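S.K.: The following file, coords_19.txt, comprises compact mmCIF, C-alpha atoms:
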```txt
# COMPACT_ATOMS: atom_id res chain seq x y z
CA MET I 1 -18.82 -15.50 -6.34
CA ARG I 2 -19.47 -13.81 -9.68
CA HIS I 3 -18.17 -10.48 -8.39
CA HIS I 4 -15.06 -12.19 -7.02
CA GLU I 5 -14.48 -13.95 -10.33
CA ILE I 6 -14.57 -10.59 -12.10
CA ASP I 7 -12.05 -9.25 -9.57
CA ALA I 8 -9.84 -12.29 -10.13
CA ASN I 9 -9.81 -11.80 -13.88
CA PHE I 10 -9.07 -8.10 -13.48
CA TYR I 11 -6.15 -8.72 -11.15
CA ILE I 12 -4.60 -11.75 -12.80
CA GLU I 13 -4.81 -10.20 -16.27
CA ASN I 14 -3.66 -6.77 -15.09
CA VAL I 15 -0.38 -5.83 -16.79
CA TYR I 16 0.89 -4.47 -13.44
CA SER I 17 0.23 -7.77 -11.66
CA VAL I 18 3.05 -10.23 -10.98
CA PHE I 19 0.63 -12.79 -12.45
CA ALA I 20 0.59 -11.08 -15.85
CA HIS I 21 3.16 -13.64 -17.08
CA LEU I 22 1.06 -16.72 -16.27
CA THR I 23 0.12 -19.31 -18.85
CA PRO I 24 -3.65 -19.89 -19.25
CA GLU I 25 -3.27 -23.15 -17.30
CA ASP I 26 -1.43 -21.50 -14.42
CA ARG I 27 -3.97 -18.68 -14.41
CA GLU I 28 -6.73 -21.19 -13.77
CA GLN I 29 -4.65 -22.81 -11.02
CA ILE I 30 -4.26 -19.48 -9.26
CA LYS I 31 -8.00 -18.81 -9.50
CA GLU I 32 -8.81 -22.27 -8.13
CA HIS I 33 -6.35 -22.05 -5.24
CA CYS I 34 -7.01 -18.62 -3.83
CA THR I 35 -9.45 -17.64 -1.12
CA TRP I 36 -11.35 -14.36 -1.22
CA HIS I 37 -12.05 -12.00 1.65
CA ARG I 38 -13.92 -8.72 1.83
CA TYR I 39 -13.05 -6.22 4.56
CA ARG I 40 -14.86 -3.14 5.75
CA LYS I 41 -13.10 0.11 6.58
CA GLY I 42 -11.20 -0.36 9.84
CA ASP I 43 -11.09 -4.17 9.69
CA ILE I 44 -7.78 -5.88 10.51
CA ILE I 45 -6.59 -8.14 7.67
CA PHE I 46 -3.80 -9.74 9.66
CA LYS I 47 -1.93 -8.94 12.88
CA GLU I 48 1.72 -8.80 13.81
CA GLY I 49 2.70 -12.30 14.93
CA ASP I 50 0.22 -14.13 12.68
CA LYS I 51 1.52 -16.91 10.44
CA PRO I 52 1.13 -16.35 6.67
CA ALA I 53 -1.35 -18.69 5.01
CA GLY I 54 -0.27 -17.75 1.50
CA LEU I 55 0.50 -14.78 -0.71
CA VAL I 56 -1.87 -11.91 0.11
CA ILE I 57 -2.91 -9.76 -2.84
CA LEU I 58 -4.85 -6.50 -2.54
CA VAL I 59 -7.41 -6.71 -5.35
CA SER I 60 -9.38 -3.55 -4.59
CA GLY I 61 -9.43 -0.87 -1.92
CA LYS I 62 -6.65 0.65 0.19
CA ILE I 63 -4.74 -0.69 3.20
CA LYS I 64 -2.07 0.40 5.64
CA LEU I 65 0.76 -1.68 7.14
CA PHE I 66 1.70 -0.54 10.62
CA LYS I 67 3.66 -1.47 13.71
CA GLU I 68 2.85 -0.52 17.28
CA GLY I 69 5.61 1.38 19.01
CA VAL I 70 6.17 2.75 22.49
CA GLY I 71 2.93 3.50 24.30
CA GLY I 72 0.88 1.78 21.61
CA ARG I 73 1.52 4.53 19.06
CA GLU I 74 1.29 3.33 15.48
CA GLN I 75 3.97 3.81 12.85
CA ILE I 76 2.62 3.34 9.33
CA VAL I 77 5.39 1.63 7.38
CA ARG I 78 3.61 1.14 4.07
CA MET I 79 0.37 1.86 2.24
CA SER I 80 -0.70 -0.17 -0.77
CA ARG I 81 -2.85 0.18 -3.86
CA PRO I 82 -4.65 -2.56 -5.81
CA SER I 83 -2.47 -5.22 -7.45
CA SER I 84 0.03 -5.04 -4.57
CA MET I 85 1.43 -8.04 -2.74
CA ILE I 86 1.12 -7.74 1.05
CA GLY I 87 3.15 -9.49 3.71
CA TYR I 88 5.23 -11.44 1.19
CA ARG I 89 8.44 -10.99 3.21
CA ALA I 90 7.16 -13.16 6.05
CA LEU I 91 5.84 -15.75 3.59
CA PHE I 92 9.10 -16.13 1.67
CA ALA I 93 11.21 -15.95 4.85
CA GLU I 94 8.95 -18.56 6.51
CA GLU I 95 8.43 -16.25 9.47
CA ASN I 96 5.45 -14.68 11.20
CA TYR I 97 4.27 -11.21 10.17
CA ILE I 98 6.22 -8.36 11.76
CA SER I 99 3.52 -5.76 11.09
CA SER I 100 -0.26 -5.54 11.04
CA VAL I 101 -2.49 -4.64 8.11
CA GLN I 102 -5.76 -2.71 8.28
CA ALA I 103 -8.24 -1.70 5.59
CA ILE I 104 -8.64 2.08 5.33
CA GLU I 105 -11.61 1.66 3.01
CA GLU I 106 -13.68 -1.31 1.86
CA SER I 107 -11.18 -3.75 0.37
CA ILE I 108 -11.03 -7.17 -1.27
CA ILE I 109 -8.01 -9.44 -0.96
CA CYS I 110 -7.19 -12.88 -2.26
CA VAL I 111 -4.81 -15.29 -0.54
CA VAL I 112 -2.98 -17.54 -2.98
CA ASP I 113 -2.19 -21.00 -1.63
CA LYS I 114 1.53 -21.26 -0.82
CA ALA I 115 2.07 -24.68 -2.42
CA THR I 116 0.40 -23.57 -5.67
CA LEU I 117 2.40 -20.34 -5.74
CA TYR I 118 5.73 -22.11 -5.21
CA ARG I 119 4.95 -24.73 -7.85
CA ILE I 120 4.25 -22.03 -10.44
CA MET I 121 7.30 -20.00 -9.41
CA ARG I 122 9.53 -23.04 -10.01
CA SER I 123 8.20 -23.51 -13.54
CA ASN I 124 7.60 -19.90 -14.62
CA ILE I 125 10.81 -17.90 -14.48
CA ASP I 126 9.15 -14.72 -15.83
CA MET I 127 6.70 -14.60 -12.92
CA THR I 128 9.50 -15.35 -10.44
CA PHE I 129 11.54 -12.44 -11.81
CA ALA I 130 8.45 -10.19 -11.62
CA ILE I 131 8.10 -11.05 -7.93
CA LEU I 132 11.83 -10.44 -7.34
CA LYS I 133 11.54 -7.06 -9.06
CA ALA I 134 8.58 -6.11 -6.86
CA VAL I 135 10.46 -7.21 -3.73
CA ALA I 136 13.58 -5.25 -4.74
CA SER I 137 11.51 -2.15 -5.50
CA GLU I 138 9.83 -2.20 -2.10
CA LEU I 139 13.18 -2.78 -0.38
CA GLY I 140 14.45 0.41 -2.01
CA PHE I 141 11.33 2.26 -0.91
CA SER I 142 11.79 1.06 2.69
CA THR I 143 15.44 2.17 2.70
CA ASN I 144 14.50 5.65 1.48
CA ARG I 145 11.68 5.90 4.02
CA THR I 146 14.10 5.05 6.84
CA VAL I 147 16.23 8.05 5.87
CA THR I 148 13.17 10.27 5.48
CA LEU I 149 11.71 9.45 8.88
CA THR I 150 14.99 9.84 10.75
CA GLN I 151 16.76 12.74 9.04
CA LYS I 152 14.15 15.10 7.59
CA HIS I 153 12.53 17.85 9.61
CA ILE I 154 8.78 17.87 10.23
CA ARG I 155 7.91 19.90 7.11
CA GLY I 156 10.06 17.65 4.93
CA ARG I 157 8.52 14.48 6.38
CA LEU I 158 4.95 15.64 5.88
CA ALA I 159 5.66 16.94 2.38
CA GLU I 160 7.27 13.61 1.49
CA SER I 161 4.18 11.77 2.76
CA LEU I 162 1.87 13.91 0.62
CA VAL I 163 4.08 13.31 -2.43
CA PHE I 164 4.03 9.57 -1.66
CA LEU I 165 0.22 9.56 -1.40
CA LYS I 166 -0.05 11.36 -4.73
CA GLU I 167 2.31 8.91 -6.43
CA THR I 168 0.55 5.90 -4.88
CA TYR I 169 -3.11 6.80 -5.31
CA GLY I 170 -3.14 9.70 -7.76
CA TYR I 171 -5.73 12.47 -7.98
CA GLU I 172 -9.48 12.66 -8.15
CA ASP I 173 -11.09 13.77 -11.42
CA ASP I 174 -10.25 17.41 -10.64
CA GLY I 175 -6.57 16.59 -11.14
CA ALA I 176 -5.55 18.03 -7.76
CA THR I 177 -7.35 16.34 -4.84
CA LEU I 178 -5.56 13.29 -3.42
CA LYS I 179 -7.52 10.11 -4.07
CA VAL I 180 -7.15 8.93 -0.47
CA TYR I 181 -8.66 10.40 2.66
CA LEU I 182 -6.58 9.87 5.80
CA SER I 183 -7.30 10.99 9.32
CA ARG I 184 -4.86 13.51 10.75
CA GLU I 185 -3.66 10.74 13.07
CA ASP I 186 -2.91 8.38 10.17
CA LEU I 187 -1.12 11.15 8.30
CA ALA I 188 0.96 11.81 11.43
CA ASN I 189 1.72 8.10 11.85
CA LEU I 190 2.81 7.92 8.21
CA SER I 191 5.12 10.89 8.76
CA ASN I 192 6.56 9.90 12.17
CA MET I 193 5.22 12.89 14.07
CA THR I 194 2.56 13.72 16.62
CA THR I 195 -0.96 14.45 15.44
CA SER I 196 -0.73 18.02 16.75
CA ASN I 197 2.44 18.61 14.68
CA ALA I 198 0.75 17.16 11.60
CA ILE I 199 -2.23 19.49 12.07
CA ARG I 200 0.02 22.55 12.50
CA THR I 201 2.18 21.67 9.49
CA LEU I 202 -0.86 21.06 7.27
CA SER I 203 -2.23 24.45 8.33
CA SER I 204 1.12 26.02 7.50
CA PHE I 205 1.11 24.45 4.03
CA ALA I 206 -2.45 25.70 3.53
CA SER I 207 -1.53 29.26 4.57
CA GLU I 208 1.31 29.16 2.03
CA ASP I 209 -1.14 28.10 -0.72
CA ILE I 210 0.65 24.79 -1.21
CA ILE I 211 -2.48 22.78 -0.37
CA HIS I 212 -6.15 23.34 0.34
CA LEU I 213 -7.88 21.47 3.17
CA ASP I 214 -11.50 20.35 3.21
CA GLY I 215 -11.90 17.91 6.09
CA ARG I 216 -9.91 14.81 5.10
CA ARG I 217 -9.75 15.93 1.49
CA ILE I 218 -6.37 17.45 0.58
CA LYS I 219 -6.06 19.39 -2.67
CA ILE I 220 -2.54 19.97 -3.96
CA LEU I 221 -2.21 23.54 -5.24
CA ASP I 222 1.56 23.64 -5.80
CA PHE I 223 3.03 20.16 -6.27
CA ASN I 224 6.45 21.48 -7.35
CA LYS I 225 6.83 23.42 -4.11
CA LEU I 226 5.72 20.38 -2.13
CA GLU I 227 8.41 18.31 -3.86
CA ARG I 228 11.05 20.95 -3.11
CA ILE I 229 10.16 20.96 0.59
CA SER I 230 10.36 17.16 0.60
CA GLU I 231 13.76 17.15 -1.15
CA LEU I 232 15.24 19.84 1.11
CA GLY I 233 14.03 17.93 4.18
```
Rewrite the structure of this file - the entire thing - as structure tokens.

M.R.:
Amino acid sequence: MRHHEIDANFYIENVYSVFAHLTPEDREQIKEHCTWHRYRKGDIIFKEGDKPAGLVILVSGKIKLFKEGVGGREQIVRMSRPSSMIGYRALFAEENYISSVQAIEESIICVVDKATLYRIMRSNIDMTFAILKAVASELGFSTNRTVTLTQKHIRGRLAESLVFLKETYGYEDDGATLKVYLSREDLANLSNMTTSNAIRTLSSFASEDIIHLDGRRIKILDFNKLERISELG
């Protein structure tokens, strides 16, 4: 539990966390009323149709939210970094999850008890507004992604996904390699295209010296050009 307690302190005291506005007493309540889970790469955290048990927080690692479409093909609708809330829409709407979540690397989550969360939200207006701000921000992201995936051409969609991955996870220490390693299939599912189209478009970007490919490692050589392709669609 010691490692989990360290993770709890890191998350709850993180300035980017919605819990950054908690009083010391409420902080202890959150720690006492959350359950901790560790997932290996590839593990399912929850499935579409499951009932939320509480507010799911990604403490460490990386995850993808996806829905299964026609023929069982996945559509990745969101990817999250540490300190993100996951599946909160279903919790607050009192509905079952409408997407599934899978760890794409070893990850730790905590599930905050619903009754404890609601009690604190009623008494701590700053935390409630922080949650509302996070919800509104992700709603805007989802709206923009809907336009991207339906109106942009293949090059624009893949470029937008690479820009999104850079903005979400950042770079490795070299200041150019994306700090997330996705399979070509996942990258295709994030960009609403077939895997073969994703492979061809990545190769095209590489031949234009926009990126450099090394297995799943993608190094951005010309971020400005990548942004232009994304904006032009």

S.K.: Under the rule of at most 10 Å, produce a per-residue listing of range 178-198 of chain I near range 203-219 of chain I: chain, number, name, the closest pair of atoms, and the distance in Å, as a Markdown table, using all atoms listed in the file.

M.R.:
```
| residue | atom | partner | partner_atom | distance |
| --- | --- | --- | --- | --- |
| I:Leu178 | CA | I:Ile218 | CA | 5.8 |
| I:Lys179 | CA | I:Arg217 | CA | 8.4 |
| I:Val180 | CA | I:Arg217 | CA | 7.7 |
| I:Tyr181 | CA | I:Arg216 | CA | 5.2 |
| I:Leu182 | CA | I:Arg216 | CA | 6.0 |
| I:Ser183 | CA | I:Arg216 | CA | 6.3 |
| I:Arg184 | CA | I:Arg216 | CA | 7.7 |
| I:Asn197 | CA | I:Ser203 | CA | 9.8 |
| I:Ala198 | CA | I:Ser203 | CA | 8.5 |
```

S.K.: Check which residues of range 86-202 of chain I sit at most 9 Å from range 21-32 of chain I using all atoms listed in the file, and return one row each with the closest pair of atoms and their distance in Å to one decimal, ordered by chain and rising number, as a Markdown table.

M.R.:
```
| residue | atom | partner | partner_atom | distance |
| --- | --- | --- | --- | --- |
| I:Val112 | CA | I:Ile30 | CA | 6.7 |
| I:Asp113 | CA | I:Ile30 | CA | 8.1 |
| I:Thr116 | CA | I:Ile30 | CA | 7.2 |
| I:Leu117 | CA | I:Ile30 | CA | 7.6 |
| I:Ile120 | CA | I:Asp26 | CA | 7.0 |
| I:Asn124 | CA | I:Leu22 | CA | 7.5 |
| I:Asp126 | CA | I:His21 | CA | 6.2 |
| I:Met127 | CA | I:His21 | CA | 5.5 |
| I:Ala130 | CA | I:His21 | CA | 8.3 |
```

S.K.: Can you tell me which residues surround range 68-70 of chain I at a distance of at most 10 Å, considering all atoms listed in the file, apart from same-chain residues fewer than 6 positions away, and format the answer as a PyMOL selection string?

M.R.: chain I and resi 48+76+99-100

S.K.: Any idea what the distance is between CA of Ala103 in chain I and CA of Arg78 in chain I?

M.R.: 12.3 Å

S.K.: Separation of CA of Glu94 in chain I and CA of Lys51 in chain I, in Å?

M.R.: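 Calculated distance between CA of Glu94 in chain I and CA of Lys51 in chain I is 8.6 Å.
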
S.K.: CA of Gly87 in chain I to CA of Val56 in chain I: how many Å, to one decimal?

M.R.: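 Atom-to-atom, CA of Gly87 in chain I to CA of Val56 in chain I, that is 6.6 Å.
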
S.K.: Which neighbours of range 150-166 of chain I fall inside 8 Å, counting all atoms listed in the file, when residues of the same chain fewer than 2 positions from it are skipped, and could you give them as a ChimeraX atom specification?

M.R.: /I:146-148,168-171,178-180,187-188,190-193,197-198,201,223,226-227,229-233

S.K.: Any chance you can output those residues with C-alpha atoms as an mmCIF file, in the coordinates of the input?

M.R.:
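Saved result, part.cif, follows:
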```
data_model
loop_
_atom_site.group_PDB
_atom_site.id
_atom_site.type_symbol
_atom_site.label_atom_id
_atom_site.label_comp_id
_atom_site.auth_asym_id
_atom_site.auth_seq_id
_atom_site.Cartn_x
_atom_site.Cartn_y
_atom_site.Cartn_z
ATOM 1 C CA THR I 146 14.100 5.050 6.840
ATOM 2 C CA VAL I 147 16.230 8.050 5.870
ATOM 3 C CA THR I 148 13.170 10.270 5.480
ATOM 4 C CA THR I 168 0.550 5.900 -4.880
ATOM 5 C CA TYR I 169 -3.110 6.800 -5.310
ATOM 6 C CA GLY I 170 -3.140 9.700 -7.760
ATOM 7 C CA TYR I 171 -5.730 12.470 -7.980
ATOM 8 C CA LEU I 178 -5.560 13.290 -3.420
ATOM 9 C CA LYS I 179 -7.520 10.110 -4.070
ATOM 10 C CA VAL I 180 -7.150 8.930 -0.470
ATOM 11 C CA LEU I 187 -1.120 11.150 8.300
ATOM 12 C CA ALA I 188 0.960 11.810 11.430
ATOM 13 C CA LEU I 190 2.810 7.920 8.210
ATOM 14 C CA SER I 191 5.120 10.890 8.760
ATOM 15 C CA ASN I 192 6.560 9.900 12.170
ATOM 16 C CA MET I 193 5.220 12.890 14.070
ATOM 17 C CA ASN I 197 2.440 18.610 14.680
ATOM 18 C CA ALA I 198 0.750 17.160 11.600
ATOM 19 C CA THR I 201 2.180 21.670 9.490
ATOM 20 C CA PHE I 223 3.030 20.160 -6.270
ATOM 21 C CA LEU I 226 5.720 20.380 -2.130
ATOM 22 C CA GLU I 227 8.410 18.310 -3.860
ATOM 23 C CA ILE I 229 10.160 20.960 0.590
ATOM 24 C CA SER I 230 10.360 17.160 0.600
ATOM 25 C CA GLU I 231 13.760 17.150 -1.150
ATOM 26 C CA LEU I 232 15.240 19.840 1.110
ATOM 27 C CA GLY I 233 14.030 17.930 4.180
#
```

S.K.: Measuring atom to atom with all atoms listed in the file, identify which of I:Val18, I:Cys110, I:Leu132, I:Leu65 is nearest to Ala53 in chain I.

M.R.: I:Cys110

S.K.: Go ahead and find all residues with at least one atom no further than 12 Å from (-12.2, 21.5, -9.6) in the file's coordinates, using all atoms listed in the file; report them as a VMD selection string.

M.R.: chain I and resid 171 to 177 212 219 to 221

S.K.: Output C-alpha atoms of each residue in that selection to a file, as a compact mmCIF listing (two decimals), in the coordinates of the input.

M.R.:
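File selection.txt, as written:
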```
# COMPACT_ATOMS: atom_id res chain seq x y z
CA TYR I 171 -5.73 12.47 -7.98
CA GLU I 172 -9.48 12.66 -8.15
CA ASP I 173 -11.09 13.77 -11.42
CA ASP I 174 -10.25 17.41 -10.64
CA GLY I 175 -6.57 16.59 -11.14
CA ALA I 176 -5.55 18.03 -7.76
CA THR I 177 -7.35 16.34 -4.84
CA HIS I 212 -6.15 23.34 0.34
CA LYS I 219 -6.06 19.39 -2.67
CA ILE I 220 -2.54 19.97 -3.96
CA LEU I 221 -2.21 23.54 -5.24
```

S.K.: Rank nothing, just name the residue among I:Leu149, I:Arg38, I:Leu139, I:Ile98 nearest to Asn189 in chain I, using all atoms listed in the file.

M.R.: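 Checking each candidate against Asn189 in chain I, we get I:Leu149 as the closest.
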
S.K.: With distances taken over only C-alpha atoms, which of I:Leu55, I:Ile108, I:Ser60, I:His33 is nearest to Phe92 in chain I?

M.R.: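 Looking at the shortest contact to Phe92 in chain I, the residue is I:Leu55.
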
S.K.: When distances are computed from all atoms listed in the file, which of I:Glu167, I:Glu105, I:Asp186, I:Asp222 shows the smallest separation from Ile63 in chain I?

M.R.: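 Smallest separation from Ile63 in chain I among the options: I:Glu105.
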
S.K.: Kindly complete range 198-225 of chain I to N, CA and C atoms; the output should be written as a PDB file, keeping the file's coordinate frame.

M.R.:
```
ATOM      1  N   ALA I 198       1.288  17.350  12.944  1.00  0.00           N
ATOM      2  CA  ALA I 198       0.750  17.160  11.600  1.00  0.00           C
ATOM      3  C   ALA I 198      -0.304  18.216  11.295  1.00  0.00           C
ATOM      4  N   ILE I 199      -1.175  18.492  12.251  1.00  0.00           N
ATOM      5  CA  ILE I 199      -2.230  19.490  12.070  1.00  0.00           C
ATOM      6  C   ILE I 199      -1.616  20.875  11.833  1.00  0.00           C
ATOM      7  N   ARG I 200      -0.629  21.230  12.646  1.00  0.00           N
ATOM      8  CA  ARG I 200       0.020  22.550  12.500  1.00  0.00           C
ATOM      9  C   ARG I 200       0.740  22.676  11.162  1.00  0.00           C
ATOM     10  N   THR I 201       1.418  21.609  10.753  1.00  0.00           N
ATOM     11  CA  THR I 201       2.180  21.670   9.490  1.00  0.00           C
ATOM     12  C   THR I 201       1.234  21.728   8.293  1.00  0.00           C
ATOM     13  N   LEU I 202       0.135  20.975   8.335  1.00  0.00           N
ATOM     14  CA  LEU I 202      -0.860  21.060   7.270  1.00  0.00           C
ATOM     15  C   LEU I 202      -1.416  22.475   7.170  1.00  0.00           C
ATOM     16  N   SER I 203      -1.711  23.082   8.316  1.00  0.00           N
ATOM     17  CA  SER I 203      -2.230  24.450   8.330  1.00  0.00           C
ATOM     18  C   SER I 203      -1.218  25.422   7.749  1.00  0.00           C
ATOM     19  N   SER I 204       0.064  25.170   8.054  1.00  0.00           N
ATOM     20  CA  SER I 204       1.120  26.020   7.500  1.00  0.00           C
ATOM     21  C   SER I 204       1.185  25.888   5.988  1.00  0.00           C
ATOM     22  N   PHE I 205       1.119  24.661   5.478  1.00  0.00           N
ATOM     23  CA  PHE I 205       1.110  24.450   4.030  1.00  0.00           C
ATOM     24  C   PHE I 205      -0.096  25.130   3.381  1.00  0.00           C
ATOM     25  N   ALA I 206      -1.237  25.070   4.065  1.00  0.00           N
ATOM     26  CA  ALA I 206      -2.450  25.700   3.530  1.00  0.00           C
ATOM     27  C   ALA I 206      -2.303  27.218   3.484  1.00  0.00           C
ATOM     28  N   SER I 207      -1.700  27.801   4.531  1.00  0.00           N
ATOM     29  CA  SER I 207      -1.530  29.260   4.570  1.00  0.00           C
ATOM     30  C   SER I 207      -0.547  29.735   3.512  1.00  0.00           C
ATOM     31  N   GLU I 208       0.346  28.827   3.071  1.00  0.00           N
ATOM     32  CA  GLU I 208       1.310  29.160   2.030  1.00  0.00           C
ATOM     33  C   GLU I 208       0.777  28.836   0.632  1.00  0.00           C
ATOM     34  N   ASP I 209      -0.483  28.454   0.545  1.00  0.00           N
ATOM     35  CA  ASP I 209      -1.140  28.100  -0.720  1.00  0.00           C
ATOM     36  C   ASP I 209      -0.466  26.935  -1.440  1.00  0.00           C
ATOM     37  N   ILE I 210       0.074  26.013  -0.648  1.00  0.00           N
ATOM     38  CA  ILE I 210       0.650  24.790  -1.210  1.00  0.00           C
ATOM     39  C   ILE I 210      -0.442  23.731  -1.344  1.00  0.00           C
ATOM     40  N   ILE I 211      -1.355  23.717  -0.370  1.00  0.00           N
ATOM     41  CA  ILE I 211      -2.480  22.780  -0.370  1.00  0.00           C
ATOM     42  C   ILE I 211      -3.742  23.517   0.054  1.00  0.00           C
ATOM     43  N   HIS I 212      -4.869  22.866  -0.173  1.00  0.00           N
ATOM     44  CA  HIS I 212      -6.150  23.340   0.340  1.00  0.00           C
ATOM     45  C   HIS I 212      -6.797  22.196   1.110  1.00  0.00           C
ATOM     46  N   LEU I 213      -7.301  22.496   2.312  1.00  0.00           N
ATOM     47  CA  LEU I 213      -7.880  21.470   3.170  1.00  0.00           C
ATOM     48  C   LEU I 213      -9.394  21.573   3.209  1.00  0.00           C
ATOM     49  N   ASP I 214     -10.044  20.426   3.083  1.00  0.00           N
ATOM     50  CA  ASP I 214     -11.500  20.350   3.210  1.00  0.00           C
ATOM     51  C   ASP I 214     -11.811  19.061   3.964  1.00  0.00           C
ATOM     52  N   GLY I 215     -11.759  19.118   5.290  1.00  0.00           N
ATOM     53  CA  GLY I 215     -11.900  17.910   6.090  1.00  0.00           C
ATOM     54  C   GLY I 215     -10.708  16.997   5.819  1.00  0.00           C
ATOM     55  N   ARG I 216     -10.994  15.747   5.427  1.00  0.00           N
ATOM     56  CA  ARG I 216      -9.910  14.810   5.100  1.00  0.00           C
ATOM     57  C   ARG I 216      -9.454  14.931   3.659  1.00  0.00           C
ATOM     58  N   ARG I 217     -10.127  15.745   2.891  1.00  0.00           N
ATOM     59  CA  ARG I 217      -9.750  15.930   1.490  1.00  0.00           C
ATOM     60  C   ARG I 217      -8.612  16.945   1.415  1.00  0.00           C
ATOM     61  N   ILE I 218      -7.528  16.567   0.731  1.00  0.00           N
ATOM     62  CA  ILE I 218      -6.370  17.450   0.580  1.00  0.00           C
ATOM     63  C   ILE I 218      -6.162  17.719  -0.906  1.00  0.00           C
ATOM     64  N   LYS I 219      -6.250  18.973  -1.274  1.00  0.00           N
ATOM     65  CA  LYS I 219      -6.060  19.390  -2.670  1.00  0.00           C
ATOM     66  C   LYS I 219      -4.674  19.989  -2.808  1.00  0.00           C
ATOM     67  N   ILE I 220      -3.899  19.475  -3.737  1.00  0.00           N
ATOM     68  CA  ILE I 220      -2.540  19.970  -3.960  1.00  0.00           C
ATOM     69  C   ILE I 220      -2.601  21.163  -4.918  1.00  0.00           C
ATOM     70  N   LEU I 221      -2.183  22.328  -4.421  1.00  0.00           N
ATOM     71  CA  LEU I 221      -2.210  23.540  -5.240  1.00  0.00           C
ATOM     72  C   LEU I 221      -0.862  23.800  -5.918  1.00  0.00           C
ATOM     73  N   ASP I 222       0.231  23.397  -5.263  1.00  0.00           N
ATOM     74  CA  ASP I 222       1.560  23.640  -5.800  1.00  0.00           C
ATOM     75  C   ASP I 222       2.427  22.405  -5.547  1.00  0.00           C
ATOM     76  N   PHE I 223       2.315  21.419  -6.462  1.00  0.00           N
ATOM     77  CA  PHE I 223       3.030  20.160  -6.270  1.00  0.00           C
ATOM     78  C   PHE I 223       4.543  20.349  -6.353  1.00  0.00           C
ATOM     79  N   ASN I 224       5.013  21.244  -7.218  1.00  0.00           N
ATOM     80  CA  ASN I 224       6.450  21.480  -7.350  1.00  0.00           C
ATOM     81  C   ASN I 224       7.043  21.993  -6.040  1.00  0.00           C
ATOM     82  N   LYS I 225       6.338  22.888  -5.377  1.00  0.00           N
ATOM     83  CA  LYS I 225       6.830  23.420  -4.110  1.00  0.00           C
ATOM     84  C   LYS I 225       6.818  22.334  -3.046  1.00  0.00           C
TER      85      LYS I 225
END
```
